[in-house]
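Undergrad: Pasting a structure here, questions to come.
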Amino acid sequence: MTANAAADPALTPRQAERRRAILRAATALAARGGYEAVQMREVAEGAGVALGTLYRYFPSKVHLLVAVMREQLERLHGQVRRHPPAGADPASRVAEALTNAFHALQREPRLAEAMVRALSFADRSVGSEVDEVAQVTSAIVLEAARLPGPPTAGQQAALRVVGHTWHATLLVWLSGRASLAEVRADLHTAARLLTLTAADQELEPVPPAVAGVPPAAG
């Protein structure tokens, strides 16, 4: 059993329901008390499963809370589909959708803090789960942007930048170091990368560093 079993066709209906119960229990604990409140034994008790069973689905608390974050983002993706942002251009629409996501997370600040802490603690063992979070974030951005065609290579890179910006601004917002207005401005700036022309996206390759030789000035 792997932690990223959300869409695993090998899961039986009973296993899929057990996994959902685990995620519900973890979400409830995090919403009440944040990261520290999510104790694996209490999650198992809340989900009605044995502790060993819980560890077969999620090897650690970080795996579990990153999976919770993916689930929350999937819900936000559904909201963007049902209520598309109405901005006049892709950057405005992306900023609106992701700012709305901030408002949604603001209603459960302890849950948001727990998910972001887990994401920041994730090491290579949680790599596939973190990648899934990034993929859902990119899907939200694409849905909101409503680009005229499939994303180009440059736009795919821009999607990654927007995703990194969203997670970084979420962190500084949760720590009280940025207002929602500042968050929205940063998201809008990053989202403008999606509409750069192909020529704008052509960057000169960075030459490899040579030991002992400083990089040439641009």
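Here, A, B, ... name the chains of the structure tokens in the order displayed, residue numbers run from 1 inside each chain, and ligands are numbered from 1 in the same displayed order.
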Between stretch 61-147 of chain A and stretch 151-170 of chain A, at 12 Å or less, what are the per-residue closest atom pairs and their distances in Å? Count only C-alpha atoms, order by chain and rising residue number, and return it as a Markdown table.
TA:
```
| residue | atom | partner | partner_atom | distance |
| --- | --- | --- | --- | --- |
| A:Met69 | CA | A:His167 | CA | 11.3 |
| A:Leu73 | CA | A:His167 | CA | 11.8 |
| A:Pro90 | CA | A:Gln155 | CA | 11.7 |
| A:Ala91 | CA | A:Val162 | CA | 10.2 |
| A:Val94 | CA | A:Val162 | CA | 9.1 |
| A:Ala95 | CA | A:Trp166 | CA | 9.6 |
| A:Ala97 | CA | A:Trp166 | CA | 11.1 |
| A:Leu98 | CA | A:Trp166 | CA | 7.5 |
| A:Thr99 | CA | A:Trp166 | CA | 9.2 |
| A:Asn100 | CA | A:Trp166 | CA | 11.9 |
| A:Ala101 | CA | A:Trp166 | CA | 9.9 |
| A:Phe102 | CA | A:Leu170 | CA | 7.5 |
| A:His103 | CA | A:Leu170 | CA | 10.9 |
| A:Ala104 | CA | A:Leu170 | CA | 12.0 |
| A:Leu105 | CA | A:Leu170 | CA | 9.4 |
| A:Gln106 | CA | A:Leu170 | CA | 10.3 |
| A:Pro109 | CA | A:Leu170 | CA | 10.8 |
| A:Ala112 | CA | A:Leu170 | CA | 8.6 |
| A:Glu113 | CA | A:Leu170 | CA | 9.0 |
| A:Ala114 | CA | A:Leu170 | CA | 11.9 |
| A:Met115 | CA | A:Leu170 | CA | 10.5 |
| A:Val116 | CA | A:Leu170 | CA | 7.7 |
| A:Arg117 | CA | A:Leu170 | CA | 10.7 |
| A:Leu119 | CA | A:His167 | CA | 9.1 |
| A:Ser120 | CA | A:His167 | CA | 9.6 |
| A:Val130 | CA | A:His167 | CA | 11.6 |
| A:Asp131 | CA | A:Arg160 | CA | 10.9 |
| A:Glu132 | CA | A:Gly163 | CA | 11.9 |
| A:Val133 | CA | A:Gly163 | CA | 9.4 |
| A:Ala134 | CA | A:Gly163 | CA | 6.6 |
| A:Gln135 | CA | A:Gly163 | CA | 8.9 |
| A:Val136 | CA | A:Gly163 | CA | 9.4 |
| A:Thr137 | CA | A:Gly163 | CA | 6.0 |
| A:Ser138 | CA | A:Leu159 | CA | 5.8 |
| A:Ala139 | CA | A:Leu159 | CA | 8.9 |
| A:Ile140 | CA | A:Gly163 | CA | 9.6 |
| A:Val141 | CA | A:Leu159 | CA | 7.1 |
| A:Leu142 | CA | A:Leu159 | CA | 7.9 |
| A:Glu143 | CA | A:Leu159 | CA | 11.4 |
| A:Ala144 | CA | A:Leu159 | CA | 11.7 |
| A:Ala145 | CA | A:Leu159 | CA | 10.3 |
| A:Arg146 | CA | A:Pro151 | CA | 10.2 |
| A:Leu147 | CA | A:Pro151 | CA | 7.4 |
```
Undergrad: Set out as CSV a contact list for stretch 60-86 of chain A and stretch 33-51 of chain A with a cut-off of 9 Å, giving each residue of stretch 60-86 of chain A that qualifies its closest atom pair and distance in Å to one decimal, counting only C-alpha atoms, ordered by chain and rising residue number.
TA:
```
residue,atom,partner,partner_atom,distance
A:Ser60,CA,A:Met40,CA,7.9
A:Lys61,CA,A:Met40,CA,6.7
A:Leu65,CA,A:Tyr35,CA,8.5
```
Undergrad: I need the chosen residues saved as a short mmCIF file (atom, residue, chain, number, x, y, z; two decimals), in the first residue's frame, with N, CA, C and O atoms.
TA:
```cif
data_model
loop_
_atom_site.label_atom_id
_atom_site.label_comp_id
_atom_site.auth_asym_id
_atom_site.auth_seq_id
_atom_site.Cartn_x
_atom_site.Cartn_y
_atom_site.Cartn_z
N SER A 60 4.13 8.16 7.38
CA SER A 60 4.46 9.17 8.38
C SER A 60 3.38 10.25 8.39
O SER A 60 2.54 10.33 7.50
N LYS A 61 3.46 11.09 9.40
CA LYS A 61 2.52 12.22 9.50
C LYS A 61 2.70 13.17 8.32
O LYS A 61 1.72 13.75 7.83
N LEU A 65 -0.30 14.39 5.89
CA LEU A 65 -0.76 15.77 5.75
C LEU A 65 -0.53 16.32 4.34
O LEU A 65 -1.28 17.18 3.88
#
```
Undergrad: Report the distance between atom CA of A:Ala16 and atom CA of A:Val62 in Å, rounded to one decimal place.
TA: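 The value is 19.8 Å.
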Undergrad: Report the distance between atom CA of A:Trp173 and atom CA of A:Asp186 in Å, rounded to one decimal place.
TA: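 Atom-to-atom, atom CA of A:Trp173 to atom CA of A:Asp186, that is 11.7 Å.
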Undergrad: Got a sec to tell me which of stretch 6-192 of chain A DSSP assigns to helix (DSSP H, G or I), as JSON, numbers by chain?
TA: {"A": [13, 14, 15, 16, 17, 18, 19, 20, 21, 22, 23, 24, 25, 26, 27, 28, 29, 30, 31, 32, 33, 35, 36, 37, 40, 41, 42, 43, 44, 45, 46, 47, 51, 52, 53, 54, 55, 56, 57, 61, 62, 63, 64, 65, 66, 67, 68, 69, 70, 71, 72, 73, 74, 75, 76, 77, 78, 79, 80, 81, 82, 90, 91, 92, 93, 94, 95, 96, 97, 98, 99, 100, 101, 102, 103, 104, 105, 106, 109, 110, 111, 112, 113, 114, 115, 116, 117, 118, 119, 120, 121, 124, 125, 126, 127, 128, 129, 130, 131, 132, 133, 134, 135, 136, 137, 138, 139, 140, 141, 142, 143, 144, 145, 153, 154, 155, 156, 157, 158, 159, 160, 161, 162, 163, 164, 165, 166, 167, 168, 169, 170, 171, 172, 173, 174, 180, 181, 182, 183, 184, 185, 186, 187, 188, 189, 190, 191, 192]}
Undergrad: Between atom CA of A:Glu96 and atom CA of A:Thr189, what is the spacing in Å?
TA: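 Pair atom CA of A:Thr189 / atom CA of A:Glu96 returns 12.2 Å.
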